[in-house]
Amino acid sequence: MKNKIITIISDTLKSMDYPLVKISIEKPKNKENGDISSNIAFLLSKELKQNPLDIADKLKKTLSKSELFQSVDVANPGFINFKFNVEAIVQSVESIIKLNHDYGKNNSGENKKVLVEFVSANPTGPLTVGHGRGAILGDVISNILEWNGYSVEREYYYNNAGRQMEKLGLSVQARYLEFLGDKIEFPEDGYEGKYIKNIAEEIFNDFGNQLRSSKDLLLFTEKAEKTIFSIIKQTLKKLDIKFDNYFNEKSLFENGSIEKIVRILSDKGLIYKKDGATWLKASAIGKEQDRVIIKSTGEPTYRLPDIAYHRDKLERGYDLIIDVLGADHMDAFPDVLAAVEQMDYPIKRIKVLIHQFVTLIKKGKPVKMSTRKAQFVTLDNLIEDVGVDVVRYFFLMRGMNSHLNFDLDLARDESDENPVYYLQYANARLSNILKNAIELGYDFNLNKTDFTLLSIDLEIDIIKTLLDFPFIIEKTLDSLEPQGLAIYLNNLAGKFHRYYARERVLTNNNDLTAARLQLIRSIQIVIKNGLGILNISAPDRM
């Protein structure tokens, strides 16, 4: 339908000898303004140096001749609003069915290369609930980009070096010595939790007391890193999240990238020494205060390797780079991008998406957690508790800029109150209707279907909602915010549930039944396509 409208407008421009400009159409915010709106008159006014209202009035006369539109109206200060002819709307069901799995896809991305970095947790512990939100947002944003015609690579960035890994090794070593019966003083700010004890126990089982006097942390650290990364990958596998690249921060030190960054920034006068530390003169590039990039101990802060990493990303030639980061990165990334820009790299290609924190709510009260003491709910725990589909949907049904209260009681509820079950139950009902129709021998031949029999208000409303799907895909691309798609699907499911309660699909009138069955097929196509983007299953039975 969208392409058909654009073609009609394009043909109108040609017939009136108007210059061809990029035609955009969108859904009006107010339904009373029509089904579709276009700003074409504004675009032409720039070319023609004429009032957009005058241009819109001229276009209206020609556009009104199309059988696709019931009416064409002009609204201040020059928008053209269209209301569809009902017969044209119902015929669009056929197009949805023919496109099937491709309905909603477009090629606006022109196969441009995009790198999406997300999760990026260091191998010091299992993924937490907070990591889960970023993981699922990154996964769905990648899918949205692909649906809009981009070529996407998914990347996981991690650091297995430095003080944090030393603390990890010391923590495992301390628990290992406990297994030997030694009295130990656990490292200050060490990593606690059952997973540390499990790793230490494996080392004890393999080596007995052979490592009691060892001063070398390497074995403890490498064993912990390997085990924890395996746990992380298993968790991601449960969520059906795959990565094309795993990028190790350590490689930036090994290939000289870190040294090069320091040298470039120094040559530009953006680095100085103070109190034994190396500082980035951020105040000279528009930031509020200068930042330490190398501590007096010689250990770099997060900003320095992040600058090198983003330079590396840009060097790899991506058209767009997306970082999906937690709120704890909000303070650092502006300095990182500012430094990269000073090295004459196009930071407009980089888009940083920040998601807010997650609080688990149980019986109306927050679940107390302490990351340092390992008193937290792991992502694995949450998946086991409420299921993968619920975890995914609940992380998506609030905007990423909003703090997310994850209601465990609602998540565990298997009734219509749970939005995931409500949506999946719609697909199960759709499947059941189609299954019954097949068993009864109904004909699904599109060429024999009289779509004009779809005439009641709720049917027309559902079809209009189905026609919104391509616009939702494009709008989600603009915002890179999956919440809109989740809300849209639940809204569509709600309309179907009401239709199911009020109308019989399998009627005594074979022609009416045939038309309604095609409507059912089109609803299921959109729900399955939408759930596929969210990477949520569409069960045929509940």
# chains A, B, ... in the order shown; residues from 1 in each chain; ligands from 1
$ select_by_dssp --residues "stretch 210-248 of chain A" --states "strand (DSSP E or B)" --output "list in words"
Asn245, Tyr246, Phe247 and Asn248 of chain A
$ write_last_selection --atoms "all heavy atoms" --output "PDB file, in the first residue's frame"
ATOM      1  N   ASN A 245      31.417 -10.981  15.982  1.00  0.00           N
ATOM      2  CA  ASN A 245      32.778 -10.687  16.430  1.00  0.00           C
ATOM      3  C   ASN A 245      32.841 -10.611  17.953  1.00  0.00           C
ATOM      4  O   ASN A 245      31.922 -10.079  18.591  1.00  0.00           O
ATOM      5  CB  ASN A 245      33.263  -9.328  15.888  1.00  0.00           C
ATOM      6  CG  ASN A 245      32.968  -9.132  14.422  1.00  0.00           C
ATOM      7  OD1 ASN A 245      33.171 -10.030  13.624  1.00  0.00           O
ATOM      8  ND2 ASN A 245      32.489  -7.958  14.068  1.00  0.00           N
ATOM      9  N   TYR A 246      33.941 -11.109  18.498  1.00  0.00           N
ATOM     10  CA  TYR A 246      34.291 -10.875  19.900  1.00  0.00           C
ATOM     11  C   TYR A 246      35.594 -10.082  19.879  1.00  0.00           C
ATOM     12  O   TYR A 246      36.625 -10.583  19.433  1.00  0.00           O
ATOM     13  CB  TYR A 246      34.466 -12.184  20.661  1.00  0.00           C
ATOM     14  CG  TYR A 246      33.168 -12.879  20.973  1.00  0.00           C
ATOM     15  CD1 TYR A 246      32.594 -13.779  20.079  1.00  0.00           C
ATOM     16  CD2 TYR A 246      32.485 -12.619  22.167  1.00  0.00           C
ATOM     17  CE1 TYR A 246      31.391 -14.405  20.364  1.00  0.00           C
ATOM     18  CE2 TYR A 246      31.283 -13.257  22.465  1.00  0.00           C
ATOM     19  CZ  TYR A 246      30.740 -14.138  21.554  1.00  0.00           C
ATOM     20  OH  TYR A 246      29.549 -14.764  21.832  1.00  0.00           O
ATOM     21  N   PHE A 247      35.533  -8.852  20.345  1.00  0.00           N
ATOM     22  CA  PHE A 247      36.701  -7.958  20.273  1.00  0.00           C
ATOM     23  C   PHE A 247      37.299  -7.821  21.664  1.00  0.00           C
ATOM     24  O   PHE A 247      36.635  -7.373  22.597  1.00  0.00           O
ATOM     25  CB  PHE A 247      36.276  -6.587  19.753  1.00  0.00           C
ATOM     26  CG  PHE A 247      37.427  -5.683  19.371  1.00  0.00           C
ATOM     27  CD1 PHE A 247      37.726  -5.462  18.044  1.00  0.00           C
ATOM     28  CD2 PHE A 247      38.201  -5.057  20.350  1.00  0.00           C
ATOM     29  CE1 PHE A 247      38.781  -4.629  17.689  1.00  0.00           C
ATOM     30  CE2 PHE A 247      39.257  -4.236  20.017  1.00  0.00           C
ATOM     31  CZ  PHE A 247      39.550  -4.018  18.677  1.00  0.00           C
ATOM     32  N   ASN A 248      38.572  -8.198  21.796  1.00  0.00           N
ATOM     33  CA  ASN A 248      39.254  -8.162  23.091  1.00  0.00           C
ATOM     34  C   ASN A 248      40.025  -6.852  23.246  1.00  0.00           C
ATOM     35  O   ASN A 248      40.876  -6.521  22.421  1.00  0.00           O
ATOM     36  CB  ASN A 248      40.210  -9.354  23.206  1.00  0.00           C
ATOM     37  CG  ASN A 248      40.795  -9.501  24.591  1.00  0.00           C
ATOM     38  OD1 ASN A 248      40.704  -8.604  25.418  1.00  0.00           O
ATOM     39  ND2 ASN A 248      41.395 -10.647  24.857  1.00  0.00           N
TER      40      ASN A 248
END
$ closest_residue --among "A:Ile527, A:Leu13, A:Val388, A:Met542" --to "A:Asp416" --atoms "only C-alpha atoms"
A:Met542
$ select_by_dssp --residues "stretch 334-470 of chain A" --states "helix (DSSP H, G or I)" --output "PyMOL selection string"
chain A and resi 334-342+347-349+379-386+388-396+408-412+419-439+446-448+451-453+457-467+469-470
$ residues_around --residues "stretch 534-538 of chain A" --least-positions-apart "5" --cutoff "12 Å" --atoms "only C-alpha atoms" --output "number ranges by chain"
A: 136-144, 147, 238-242, 387-397, 420-431, 473, 476, 481-487, 489, 524-529
$ closest_residue --among "A:Tyr500, A:Phe84, A:Tyr156, A:Phe79" --to "A:Ser66" --atoms "only C-alpha atoms"
A:Phe84
$ closest_atom_pairs --of "stretch 210-262 of chain A" --to "stretch 163-182 of chain A" --cutoff "9 Å" --atoms "only C-alpha atoms" --output "tab-separated table"
residue	atom	partner	partner_atom	distance
A:Leu211	CA	A:Leu177	CA	8.7
A:Arg212	CA	A:Leu177	CA	6.7
A:Leu217	CA	A:Gly169	CA	5.7
A:Leu218	CA	A:Gly169	CA	7.3
A:Leu219	CA	A:Gly169	CA	8.1
A:Phe220	CA	A:Gly169	CA	5.0
A:Thr221	CA	A:Gly169	CA	4.2
A:Glu222	CA	A:Gly169	CA	7.9
A:Lys223	CA	A:Gly169	CA	8.7
A:Ala224	CA	A:Gly169	CA	7.1
A:Glu225	CA	A:Met165	CA	8.2
$ write_last_selection --atoms "N, CA, C and O atoms" --output "JSON list (two decimals), in the first residue's frame"
[["chain", "number", "residue", "atom", "x", "y", "z"],
["A", 211, "LEU", "N", 48.93, -26.30, 44.33],
["A", 211, "LEU", "CA", 49.05, -24.86, 44.07],
["A", 211, "LEU", "C", 49.06, -24.04, 45.37],
["A", 211, "LEU", "O", 48.99, -22.82, 45.32],
["A", 212, "ARG", "N", 49.16, -24.75, 46.51],
["A", 212, "ARG", "CA", 49.07, -24.05, 47.80],
["A", 212, "ARG", "C", 50.12, -22.94, 47.93],
["A", 212, "ARG", "O", 49.83, -21.84, 48.40],
["A", 217, "LEU", "N", 49.27, -16.14, 39.70],
["A", 217, "LEU", "CA", 47.79, -16.07, 39.59],
["A", 217, "LEU", "C", 47.28, -16.52, 38.23],
["A", 217, "LEU", "O", 46.07, -16.65, 38.05],
["A", 218, "LEU", "N", 48.18, -16.73, 37.27],
["A", 218, "LEU", "CA", 47.76, -16.95, 35.89],
["A", 218, "LEU", "C", 46.79, -18.11, 35.76],
["A", 218, "LEU", "O", 45.75, -17.99, 35.09],
["A", 219, "LEU", "N", 47.09, -19.24, 36.40],
["A", 219, "LEU", "CA", 46.21, -20.40, 36.28],
["A", 219, "LEU", "C", 44.82, -20.09, 36.84],
["A", 219, "LEU", "O", 43.80, -20.44, 36.23],
["A", 220, "PHE", "N", 44.79, -19.43, 38.00],
["A", 220, "PHE", "CA", 43.50, -19.10, 38.63],
["A", 220, "PHE", "C", 42.70, -18.13, 37.75],
["A", 220, "PHE", "O", 41.49, -18.30, 37.55],
["A", 221, "THR", "N", 43.40, -17.14, 37.20],
["A", 221, "THR", "CA", 42.73, -16.13, 36.37],
["A", 221, "THR", "C", 42.22, -16.72, 35.06],
["A", 221, "THR", "O", 41.07, -16.49, 34.66],
["A", 222, "GLU", "N", 43.08, -17.50, 34.39],
["A", 222, "GLU", "CA", 42.69, -18.08, 33.10],
["A", 222, "GLU", "C", 41.55, -19.07, 33.25],
["A", 222, "GLU", "O", 40.64, -19.12, 32.42],
["A", 223, "LYS", "N", 41.59, -19.87, 34.31],
["A", 223, "LYS", "CA", 40.51, -20.82, 34.56],
["A", 223, "LYS", "C", 39.20, -20.07, 34.80],
["A", 223, "LYS", "O", 38.15, -20.45, 34.27],
["A", 224, "ALA", "N", 39.26, -19.00, 35.59],
["A", 224, "ALA", "CA", 38.06, -18.23, 35.89],
["A", 224, "ALA", "C", 37.51, -17.58, 34.63],
["A", 224, "ALA", "O", 36.30, -17.63, 34.36],
["A", 225, "GLU", "N", 38.40, -16.97, 33.84],
["A", 225, "GLU", "CA", 37.97, -16.30, 32.61],
["A", 225, "GLU", "C", 37.29, -17.29, 31.65],
["A", 225, "GLU", "O", 36.20, -17.02, 31.12]]
$ residues_around --residues "stretch 324-339 of chain A" --least-positions-apart "6" --cutoff "9 Å" --atoms "only C-alpha atoms" --output "JSON, numbers by chain"
{"A": [116, 117, 118, 119, 120, 130, 131, 133, 134, 135, 137, 138, 265, 270, 280, 282, 285, 286, 287, 291, 302, 303, 304, 306, 307, 310, 347, 350, 351, 352, 353, 354, 355, 356, 357]}
$ write_last_selection --atoms "C-alpha atoms" --output "CSV table (one decimal), in the first residue's frame"
chain,number,residue,atom,x,y,z
A,116,VAL,CA,26.1,-2.9,16.6
A,117,GLU,CA,28.1,-3.4,19.9
A,118,PHE,CA,26.1,-4.6,22.9
A,119,VAL,CA,26.4,-6.6,26.1
A,120,SER,CA,30.2,-6.2,26.3
A,130,GLY,CA,21.1,-5.2,33.9
A,131,HIS,CA,23.2,-6.9,31.2
A,133,ARG,CA,18.3,-5.4,29.1
A,134,GLY,CA,21.3,-4.2,26.9
A,135,ALA,CA,21.6,-7.7,25.4
A,137,LEU,CA,17.9,-4.2,23.1
A,138,GLY,CA,21.0,-4.7,21.0
A,265,LEU,CA,46.5,13.3,21.4
A,270,LEU,CA,45.4,17.4,24.5
A,280,LEU,CA,43.0,14.2,28.7
A,282,ALA,CA,38.7,17.5,27.8
A,285,ILE,CA,37.4,20.3,23.5
A,286,GLY,CA,34.1,21.5,24.9
A,287,LYS,CA,33.8,19.3,28.0
A,291,ARG,CA,39.8,13.4,32.8
A,302,TYR,CA,38.2,3.1,30.6
A,303,ARG,CA,38.3,6.2,28.5
A,304,LEU,CA,41.7,5.5,26.8
A,306,ASP,CA,37.5,3.1,24.5
A,307,ILE,CA,38.9,5.9,22.4
A,310,HIS,CA,36.1,3.6,18.6
A,347,ILE,CA,31.8,10.7,14.9
A,350,ILE,CA,28.5,6.8,15.8
A,351,LYS,CA,25.2,6.6,17.7
A,352,VAL,CA,25.2,5.9,21.4
A,353,LEU,CA,22.1,4.4,22.9
A,354,ILE,CA,21.9,4.5,26.7
A,355,HIS,CA,19.5,2.2,28.6
A,356,GLN,CA,18.5,2.8,32.2
A,357,PHE,CA,18.8,0.5,35.1
$ residues_around --residues "A:Asp17" --least-positions-apart "5" --cutoff "12 Å" --atoms "only C-alpha atoms" --output "number ranges by chain"
A: 10-12, 44, 48, 59
